Each structure stands twice: as structure tokens, then as C-alpha cells.
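Q: I'd like to ask you about the structure that follows.
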Amino acid sequence: MAITIMGVTLSCQNQQSSHEPSVPVDKDVETQVEKILSRLTLEEKIGQMCELTIDAIQDMGQKENFQLDEEKLKLVFDTCKVGSILNVPLGMAATPEVWYNLIHAVNLRSEEQCNGVPQIYGVDQIHGASYCMGATFFPQEINQAASFNRTIPYRVSEIAAYESRACLIPWVYSPVMDLGRNPVWPRMWESYGEDSYLNAEMAVQAMMGYQGNDPNHIDTNHVAACLKHYMAYGVALSGKDRTPSYIPDRELKEKFFEPFKRCIEAGALSLMVNSGNNSGEPFHASHKFLTEWLKEGLNWDGMIVTDWADIENLYSRDHVAASKKEAIEMAINAGIDMSMDPYNVNFCRLLKESVDEGKVSMNRINDAVRRILRLKVRIGLFDKNTWDMPFAELEKQYPDYGSEKFDQEAIKMAEETMVLLKNENEILPLKPGAKILVTGPNSNSFQAQNGGWSYNWQGTRCDEACEAIGKYHTFYQALAEKLGAENVKLVEGITYQNVYSKSELENEPNIPAAVAAARGVDVILAFVGENSYAETPGNINDLTLSQNQQNLVKALAATGKPVVMILNEGRPRIIREIEPLCQAVIDAFLPGNYGGDALANLLTGEANFSAKMPFTYPKYINSFATYDYKPCENVATMDGAYNYDAVMDVQYPFGAGLSYTTYAYSNLKADKEEFQAGDEITFSVDVKNTGNVAGSEAVLLFISDMVATLTPDVKRLRGFEKVTLQPGETTSVSLTVKANDLAFVDNDGDWLLEEGDFRAAIGDQHITIKCNTTKKVTR
């Protein structure tokens, strides 16, 4: 679509694209953008394209009290006209007042020195407003995925947006929608698991929670979301952070592009790029991925920002450019709009030289700056009423910041996001009056409960912050409060060293002390897993649970007392040798500040487990798999035919999860026995609570393409819904699937729906339906 404003014809969306504008064109927004753009000099335009970390303007000599550095401010704003600042002052979560003082000051300076254009301040708010002191922390994304409840990511993001705006933060680098398909990856816990459909469904809800319902007019209870990290970041071959993936374009389009596409079509305003490369092609330098697939292919007028120093990485690490200047030219011409440099303003000088030399066109500069200004207009930054007021007035606008109401929601969410994986002889829920030993390095640590991006980057100051706030409980503290301190004994046996960026280090264990304490109890709760980490410091060479922790569980099991193993981890550590020794296993993942309270409710039966695994939990270090594997990866037969319900030899399959009640499925039907491209097929199934307590069940629909030109996945998740049932209650659940969504990407890069049989399965029920024509489709 093109519109004419002030005599200039704007192609704010791609005129050649057959795709409808992903964000509806708003003429008033475009008029304002063009008016601002027309008054900016080249230097001011280039400044808008530069983003620097807070270190570039703060007084680094001040270790306790945040202060801006006047000389740095002169360079950054007065001279270089920089358009965006990111990150947290002094490396630690700040109070709303500190955030206000910072952002208010930089906006005033920017407005004065950058031709009336305020800053857009960006922050990694990952599981709540996690860099805002006193804000509400929720379960991490991997927990949210385990709930299979779309309302949870929506509400987490909605509250995070509210509490961010209470600190004047208008832009958050979230949600993450990288498919976590290599369990070694240190950002597994930041994702919504291994499946494309699950990631897309949850990420769309998160994005809507952040932004609200009108992407052209973000109100002061919402923020602009920044999707990340585009794309295939979670499938690095090595499993190490920021290392290459090797995925063919066909698979990129079918699985990895899809969550980003869905979010952009739902109105997402910005996107951050994968720091790595795919088969040697850095995403930051790919015109195909950034411009052709995203901006043109989706007719999207949003803004693309780099990740940390990733233009510089094009020459210093990836060796696809001979200098930073050449790297800047490559990235900007590929479609990057803003460079998270993040320390050096030389980006501005080098880009101007490239423009003067004709290496980067003014059309490309104007397109990038329009996208940046459009984002700032949409968030309301040019309306000073959104940020220029006394702090006391701002505080009154957000009375629910860190409120009891939000706390209670966080507890309920955490209850719904921890997975019961084993429960022999109904050892759980705990019997009233039972004497409990709480042990393991994760039993009494807010740091372990939260994971990274919690108060500080690596989460290493969680305990300090939580103790200062004074209203949260570790796993042990919550159990002691609920069951009585006289019934709960804490002997950790192992503790972490808590060395910054070295999360694997443990202190000398004292396993005999834990074994001795077990003699006088009825049940042992062993909290094992990982300490907090984020990004590259979380890289590991071995996914196996630490030997100390395995030895602890083995020694406790040898006492003859029943052991309940609670896994508190961001990725699935190998537990093959100790899992058989435990009567019950729970994966709590990273449930946040209220994970202790939630787990205490679950262990005592006050709440019921309802979560399911959002990824495949491996059993062996050299045998990773995802649930949607190819048939030849698991040669399982039944009566001479391939068994589409077979699972590979894994510890726990995708979708595994128990409850204190049981469910029966029956009467699976489809409203069409035959279908064709463009149709919708509605499946219905009856679900009955056959147990004695109320519970919630995530109903998962899997569909298998029985024969295809390219070997199909054994099955794909195509729908889910969560229902709550009283004992004996039955309900009918309906799930609608678009026929076009059953297509696959062929070798020409087109979506192809082929004639033939499709098998649909829910629980132990399955039916076959048939596509009666072959056709290339659009999605």
C-alpha cells in the first residue's frame, strides 16, 4: 500500500507483496512520521539508527548510586544524536524511581539535542518486569509452555508491560520464540519448548499481552514487544550459544519462521535478530531473511534491531566483512534498521561515510529511520504526557505495581506450570503429619528458582534482592511455613559456589550429613538441577546432572526412605541412573519467586498438577530427539505396520505429565472425512475425569501425514485446549484445524498439501481423514 503525505509517496508497506499489511496503515501515524523525518539531517537520521548500552552514558565510577556522566551525554546525544539506550543501570534491577530519573532525564536531553526526538529505551524483561525492583516475577517461558494454557503468557506479558511502564520503560526484548530443539542450548528455558505450533500460539499471546489490541496506538499500560531471536537460534549444532545452525531453507520456513510470521501478522512492532549464522550465512547480513522473507514477504512496516554487537561480529568473529565499516554496509543493506552497537558511537561516523560514498543509499537510510520513528510514534513517545511528569504522579498511575493481586496470579501460574512425571504408589500428595527432609543444592535458593534475567543478567543477586524485598519463599521456606518447621528439616548436602558466569561450580559436598538427617523422616524431597545462568556463560559440554548431585540421590535412596526428586533446571539434565531410585519425579523448571509457594500447594494436594512436557527429555547424552522426528529415526513395528504412537527411547516424551486424578478419552470425531485445500476441519473428543479430585487436562491434537513426497514427520501438534473437570465430569472438546496448515514446504519452497490419508490422534483415540486433492497453498 502507498499513501501520499506532504507531496511524498510512501511505501510504508511493500507495494509488490501479495500479503496484506501485517500492521494496518494508519494515515495519522504516517503523517507524523513523515513530518518528523523531513526535518532531520543525515547525521540525525543515522543517530536514530544507533543503540547504546547505559554504560555509554552513566558514571562508571559510581558503584552504588546511579548517575549520568555529563561528558558522555554530550558525545552520545549532543554530538552523535543517538536514538536508543538499553540495559539496566549499574547492572542490577532498579526501583521505579531510579528508572524514572534515568529515562526522564535521557528523554529530555534527547528531545533538546536530537531535534525533538525522544529516546526509545529497551530492556530485557523476560519473566515479568525482571529488571524492576519489587515487580512481579512469573515462571519462565519454558514453564509457561508446559501449562498449555494460552492465558498464562498473555497475562504474564500484560502485567510485565504494566509494571515496565510504571518505570517509564516502553520497549521490552521479549517474547523469545526460538524453538528449543537442542537441549544443551543454554537458552532452552527462555523458549516455549521444541514445537513450532506451541511456540507460535504462546508467543502470539505474549506479544498481545505486551502491546494490547491496537499496534498503532500503544497505551501507557502496554509496551512495544520485540520478537527474538530471528531465527533458528535454538538449534545450534554444538548446542553452544551463538554458534551455527545448519537448517535448510525449506525447514526454516516450515518450522522456525512460522512463530515469527504468526506474531508479525498479529501486529508485532519490532524484532531482534539471531546472533549466529545458518550454514555460514549470518542472519544479520542476510537480505533474503531480513528483507525478502520478513519486510517484503509479510508486508511488514516494523523495525529490526541487531542483538548485542552483532554488526561488529560480522567482521571480528564471522569474517564475512573486512572491517566494521564494511560490516555496517552489509547489515544495513540487508535490512537492519537499528544497531545495538552497544558501546561505541563510531557506528554513526562509519555509516555516514558509507552513505557519502554511495555504499548505502538514502532510500535505505530513510526506510530504516521511518521504521524507527514509526515505532516511537506508535508507543506514544512524542506525547510528552506519557513520560514527562513528576514521579509522584507516575506512581499514582500504577497502584498495582508489585501488588498482592499480581502475587496471587503468579502463584496460580506456577502451580499450573510444573510437571509431575512419576508418582509410584501415590507417594504424593504428602500425607498429613509426615516428617520431611528437604535436601539438595536447589532447595533453598531464589537464584535457582528464578534462573537468569532475574534482577541481574546471570541471576546471581536473586537471593540478595528477594531477602531485601522480604515477601518470597524458597522451596524449603514455603514447605516449612505450610507444614510447620518442626516437620521439615533442611540439610542441603551440596551447595553452589555462586561464582558469576560459572554456574556449574559446587562446593565440597557433605552427603553424609544429608544421609544422617534422613534417618528420622518419612519422605525425602531432593531438589537437584542447575544454578542460574544466561546466554554464553551457560554453555556446557555435558548435559548429565553433576556427579555430586547424582551421588546425593543414590545415597539418599540407599537409606530405604522414599525419595521425591524435584528437578529445578533450565534444560533437561540427564538423570537416567538415578530416576529409577526415586518414587516420584517433578520437573519444576524455573518457576520464579512464587515457585516455592506453588510447589508446597502441589505437594500437599491443595493444588493439582496439570502441566505437560513442552520438550522431549533425553535419556542419553548422545541420543537427543524431538517428538516430531522422521519415521526412520525409530524403527518400531506393530503387526507389520509402522506404529505412529511409538516413542523413541527417551526419559520423558513431549506431552508427558501426570495428575492426582485420571482422564479417559472417547468418541473422537471429525466433521469431515474428506477435505481439500481451504477447508477447516473440526475435531471433537469427549474427556472424562475418572478420578476422585478435580483437575485440569491439556487436550493435545496430533496429526500425521501418512505418505508424502518428502518424508513426513511422525506427527505434529496441530491444536490444544485446556479444560477443568470435577470428579466424574465429562466435557466435549473441539479443536479446529485449517487444511492449509497440514501442508509442508516442498523443495521449491512452496507450501504443498498432498492428496492422501492423515491420522489424527488425541490421547488414546485416533481416526483417519483424507485429503482428496493435491494443491500448492498459501499460509
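Identifiers in this document derive from the order of the C-alpha cells: chains are assigned A, B, ..., residues are numbered from 1 separately in each chain, and ligands are numbered from 1 in order of occurrence.
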Show which residues sit within 8 Å of Gln458 in chain A, as JSON, numbers by chain. Count only C-alpha atoms, and ignore same-chain residues fewer than 6 positions away.

A: {"A": [451, 452, 500, 501, 532, 533, 534]}

Q: Write to file, as a PDB file, in the first residue's frame, the residues of the selection just made, with N, CA, C and O atoms.

A:
```pdb
ATOM      1  N   GLY A 451      16.355 -18.484  37.842  1.00  0.00           N
ATOM      2  CA  GLY A 451      17.200 -18.561  36.663  1.00  0.00           C
ATOM      3  C   GLY A 451      17.708 -17.194  36.268  1.00  0.00           C
ATOM      4  O   GLY A 451      17.620 -16.214  37.013  1.00  0.00           O
ATOM      5  N   GLY A 452      18.258 -17.125  35.054  1.00  0.00           N
ATOM      6  CA  GLY A 452      18.854 -15.881  34.575  1.00  0.00           C
ATOM      7  C   GLY A 452      17.835 -14.808  34.275  1.00  0.00           C
ATOM      8  O   GLY A 452      16.631 -15.008  34.380  1.00  0.00           O
ATOM      9  N   TYR A 500      30.091 -15.767  39.600  1.00  0.00           N
ATOM     10  CA  TYR A 500      29.452 -15.123  38.451  1.00  0.00           C
ATOM     11  C   TYR A 500      29.937 -15.745  37.153  1.00  0.00           C
ATOM     12  O   TYR A 500      31.134 -15.890  36.906  1.00  0.00           O
ATOM     13  N   SER A 501      28.982 -16.158  36.313  1.00  0.00           N
ATOM     14  CA  SER A 501      29.236 -16.742  34.998  1.00  0.00           C
ATOM     15  C   SER A 501      29.866 -18.130  35.057  1.00  0.00           C
ATOM     16  O   SER A 501      30.357 -18.634  34.053  1.00  0.00           O
ATOM     17  N   SER A 532      21.619 -20.734  38.390  1.00  0.00           N
ATOM     18  CA  SER A 532      21.181 -19.807  37.341  1.00  0.00           C
ATOM     19  C   SER A 532      22.300 -19.507  36.353  1.00  0.00           C
ATOM     20  O   SER A 532      23.492 -19.540  36.692  1.00  0.00           O
ATOM     21  N   TYR A 533      21.897 -19.195  35.122  1.00  0.00           N
ATOM     22  CA  TYR A 533      22.824 -18.787  34.076  1.00  0.00           C
ATOM     23  C   TYR A 533      22.002 -18.131  32.975  1.00  0.00           C
ATOM     24  O   TYR A 533      20.774 -18.277  32.916  1.00  0.00           O
ATOM     25  N   ALA A 534      22.675 -17.428  32.085  1.00  0.00           N
ATOM     26  CA  ALA A 534      22.032 -16.838  30.913  1.00  0.00           C
ATOM     27  C   ALA A 534      23.046 -16.753  29.794  1.00  0.00           C
ATOM     28  O   ALA A 534      24.220 -16.444  30.022  1.00  0.00           O
TER      29      ALA A 534
END
```

Q: Considering only strand (DSSP E) as DSSP defines it on the backbone, what residues of range 178-420 of chain A qualify? List them as a PyMOL selection string.

A: chain A and resi 224-230+270-273+277-278+281-282+303-305+339-340+419-420

Q: Rounded to one decimal place, report the CA of Phe391 in chain A-CA of Asn101 in chain A distance in Å.

A: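 Computed distance, CA of Phe391 in chain A to CA of Asn101 in chain A, equals 8.1 Å.
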
Q: Of the residues A:Gly335, A:Gly83, A:Gly695, A:Gly655, which is the one nearest to Arg109 in chain A, using only C-alpha atoms?

A: A:Gly83

Q: From a DSSP pass on the backbone, collect the residues of range 424-502 of chain A flagged as alpha helix (DSSP H) and hand them back as a PyMOL selection string.

A: chain A and resi 446-450+462-469+475-483

Q: What is the CA of Cys462 in chain A to CA of Met413 in chain A distance in Å?

A: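 Pair CA of Cys462 in chain A / CA of Met413 in chain A returns 20.0 Å.
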
Q: Determine, for each residue of range 366-482 of chain A having at least one atom at most 12 Å from an atom of range 266-282 of chain A, the closest pair of atoms and their separation in Å to one decimal, counting only C-alpha atoms; order by chain and ascending number, as a tab-separated table.

A:
```
residue	atom	partner	partner_atom	distance
A:Arg371	CA	A:Ser270	CA	9.1
A:Ile372	CA	A:Ser270	CA	9.2
A:Leu373	CA	A:Leu269	CA	11.6
A:Arg374	CA	A:Leu269	CA	9.2
A:Leu375	CA	A:Leu269	CA	6.8
A:Lys376	CA	A:Leu269	CA	10.2
A:Val377	CA	A:Leu269	CA	11.3
A:Arg378	CA	A:Leu269	CA	8.8
A:Ile379	CA	A:Leu269	CA	9.7
```

Q: Write the residues of the preceding selection, restricted to N, CA, C and O atoms, as a PDB file, in the first residue's frame.

A:
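Below is the file that was written, part-v6.pdb:
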```pdb
ATOM      1  N   ARG A 371      10.995   3.493   9.994  1.00  0.00           N
ATOM      2  CA  ARG A 371      10.576   2.365  10.825  1.00  0.00           C
ATOM      3  C   ARG A 371      10.832   2.654  12.308  1.00  0.00           C
ATOM      4  O   ARG A 371      10.023   2.313  13.174  1.00  0.00           O
ATOM      5  N   ILE A 372      11.965   3.287  12.614  1.00  0.00           N
ATOM      6  CA  ILE A 372      12.281   3.641  14.000  1.00  0.00           C
ATOM      7  C   ILE A 372      11.320   4.713  14.508  1.00  0.00           C
ATOM      8  O   ILE A 372      10.767   4.606  15.619  1.00  0.00           O
ATOM      9  N   LEU A 373      11.116   5.757  13.723  1.00  0.00           N
ATOM     10  CA  LEU A 373      10.202   6.825  14.135  1.00  0.00           C
ATOM     11  C   LEU A 373       8.770   6.299  14.263  1.00  0.00           C
ATOM     12  O   LEU A 373       8.030   6.688  15.175  1.00  0.00           O
ATOM     13  N   ARG A 374       8.399   5.413  13.348  1.00  0.00           N
ATOM     14  CA  ARG A 374       7.054   4.830  13.409  1.00  0.00           C
ATOM     15  C   ARG A 374       6.845   4.094  14.733  1.00  0.00           C
ATOM     16  O   ARG A 374       5.786   4.189  15.357  1.00  0.00           O
ATOM     17  N   LEU A 375       7.866   3.363  15.150  1.00  0.00           N
ATOM     18  CA  LEU A 375       7.787   2.657  16.433  1.00  0.00           C
ATOM     19  C   LEU A 375       7.642   3.651  17.578  1.00  0.00           C
ATOM     20  O   LEU A 375       6.813   3.463  18.487  1.00  0.00           O
ATOM     21  N   LYS A 376       8.420   4.724  17.549  1.00  0.00           N
ATOM     22  CA  LYS A 376       8.347   5.719  18.619  1.00  0.00           C
ATOM     23  C   LYS A 376       6.990   6.417  18.642  1.00  0.00           C
ATOM     24  O   LYS A 376       6.443   6.707  19.720  1.00  0.00           O
ATOM     25  N   VAL A 377       6.440   6.683  17.455  1.00  0.00           N
ATOM     26  CA  VAL A 377       5.108   7.300  17.401  1.00  0.00           C
ATOM     27  C   VAL A 377       4.062   6.339  17.945  1.00  0.00           C
ATOM     28  O   VAL A 377       3.177   6.725  18.728  1.00  0.00           O
ATOM     29  N   ARG A 378       4.142   5.098  17.539  1.00  0.00           N
ATOM     30  CA  ARG A 378       3.143   4.118  17.961  1.00  0.00           C
ATOM     31  C   ARG A 378       3.139   3.905  19.471  1.00  0.00           C
ATOM     32  O   ARG A 378       2.104   3.626  20.059  1.00  0.00           O
ATOM     33  N   ILE A 379       4.293   4.017  20.108  1.00  0.00           N
ATOM     34  CA  ILE A 379       4.339   3.864  21.571  1.00  0.00           C
ATOM     35  C   ILE A 379       3.938   5.152  22.282  1.00  0.00           C
ATOM     36  O   ILE A 379       3.808   5.167  23.503  1.00  0.00           O
TER      37      ILE A 379
END
```

Q: List every residue of range 159-259 of chain A that has an atom at most 12 Å from any atom of range 130-146 of chain A, giving for each one its closest atom pair and the distance in Å to one decimal, counting only C-alpha atoms, sorted by chain and then by ascending residue number, as JSON lines.

A:
```
{"residue": "A:Ile159", "atom": "CA", "partner": "A:Thr136", "partner_atom": "CA", "distance": 8.0}
{"residue": "A:Ala160", "atom": "CA", "partner": "A:Thr136", "partner_atom": "CA", "distance": 7.6}
{"residue": "A:Ala161", "atom": "CA", "partner": "A:Ala135", "partner_atom": "CA", "distance": 10.8}
{"residue": "A:Tyr162", "atom": "CA", "partner": "A:Ala135", "partner_atom": "CA", "distance": 9.9}
{"residue": "A:Glu163", "atom": "CA", "partner": "A:Ala135", "partner_atom": "CA", "distance": 6.5}
{"residue": "A:Ser164", "atom": "CA", "partner": "A:Cys132", "partner_atom": "CA", "distance": 7.3}
{"residue": "A:Arg165", "atom": "CA", "partner": "A:Cys132", "partner_atom": "CA", "distance": 10.4}
{"residue": "A:Ala166", "atom": "CA", "partner": "A:Cys132", "partner_atom": "CA", "distance": 9.4}
{"residue": "A:Cys167", "atom": "CA", "partner": "A:Cys132", "partner_atom": "CA", "distance": 7.5}
{"residue": "A:Leu168", "atom": "CA", "partner": "A:Cys132", "partner_atom": "CA", "distance": 10.7}
{"residue": "A:Ile169", "atom": "CA", "partner": "A:Cys132", "partner_atom": "CA", "distance": 9.7}
{"residue": "A:Val172", "atom": "CA", "partner": "A:Ser130", "partner_atom": "CA", "distance": 10.6}
{"residue": "A:Tyr173", "atom": "CA", "partner": "A:Ser130", "partner_atom": "CA", "distance": 11.5}
{"residue": "A:Ser174", "atom": "CA", "partner": "A:Glu141", "partner_atom": "CA", "distance": 10.2}
{"residue": "A:Pro175", "atom": "CA", "partner": "A:Glu141", "partner_atom": "CA", "distance": 8.5}
{"residue": "A:Val176", "atom": "CA", "partner": "A:Glu141", "partner_atom": "CA", "distance": 8.0}
{"residue": "A:Met177", "atom": "CA", "partner": "A:Glu141", "partner_atom": "CA", "distance": 9.3}
{"residue": "A:Asp178", "atom": "CA", "partner": "A:Glu141", "partner_atom": "CA", "distance": 11.0}
{"residue": "A:Leu179", "atom": "CA", "partner": "A:Ile142", "partner_atom": "CA", "distance": 10.7}
{"residue": "A:Gly180", "atom": "CA", "partner": "A:Ile142", "partner_atom": "CA", "distance": 9.3}
{"residue": "A:Arg187", "atom": "CA", "partner": "A:Ile142", "partner_atom": "CA", "distance": 9.9}
{"residue": "A:Met188", "atom": "CA", "partner": "A:Ile142", "partner_atom": "CA", "distance": 7.5}
{"residue": "A:Trp189", "atom": "CA", "partner": "A:Ile142", "partner_atom": "CA", "distance": 4.9}
{"residue": "A:Glu190", "atom": "CA", "partner": "A:Glu141", "partner_atom": "CA", "distance": 5.3}
{"residue": "A:Ser191", "atom": "CA", "partner": "A:Ile142", "partner_atom": "CA", "distance": 5.6}
{"residue": "A:Tyr192", "atom": "CA", "partner": "A:Ala145", "partner_atom": "CA", "distance": 4.9}
{"residue": "A:Gly193", "atom": "CA", "partner": "A:Ile142", "partner_atom": "CA", "distance": 6.1}
{"residue": "A:Glu194", "atom": "CA", "partner": "A:Ile142", "partner_atom": "CA", "distance": 9.8}
{"residue": "A:Asp195", "atom": "CA", "partner": "A:Ala145", "partner_atom": "CA", "distance": 9.9}
{"residue": "A:Ser196", "atom": "CA", "partner": "A:Ala145", "partner_atom": "CA", "distance": 11.7}
{"residue": "A:Tyr197", "atom": "CA", "partner": "A:Ala145", "partner_atom": "CA", "distance": 11.1}
{"residue": "A:Leu198", "atom": "CA", "partner": "A:Ala145", "partner_atom": "CA", "distance": 7.3}
{"residue": "A:Asn199", "atom": "CA", "partner": "A:Ala145", "partner_atom": "CA", "distance": 7.7}
{"residue": "A:Ala200", "atom": "CA", "partner": "A:Ala145", "partner_atom": "CA", "distance": 10.6}
{"residue": "A:Glu201", "atom": "CA", "partner": "A:Ala145", "partner_atom": "CA", "distance": 9.5}
{"residue": "A:Met202", "atom": "CA", "partner": "A:Ala145", "partner_atom": "CA", "distance": 7.0}
{"residue": "A:Ala203", "atom": "CA", "partner": "A:Glu141", "partner_atom": "CA", "distance": 9.5}
{"residue": "A:Gln205", "atom": "CA", "partner": "A:Gln144", "partner_atom": "CA", "distance": 11.2}
{"residue": "A:Ala206", "atom": "CA", "partner": "A:Glu141", "partner_atom": "CA", "distance": 9.8}
```
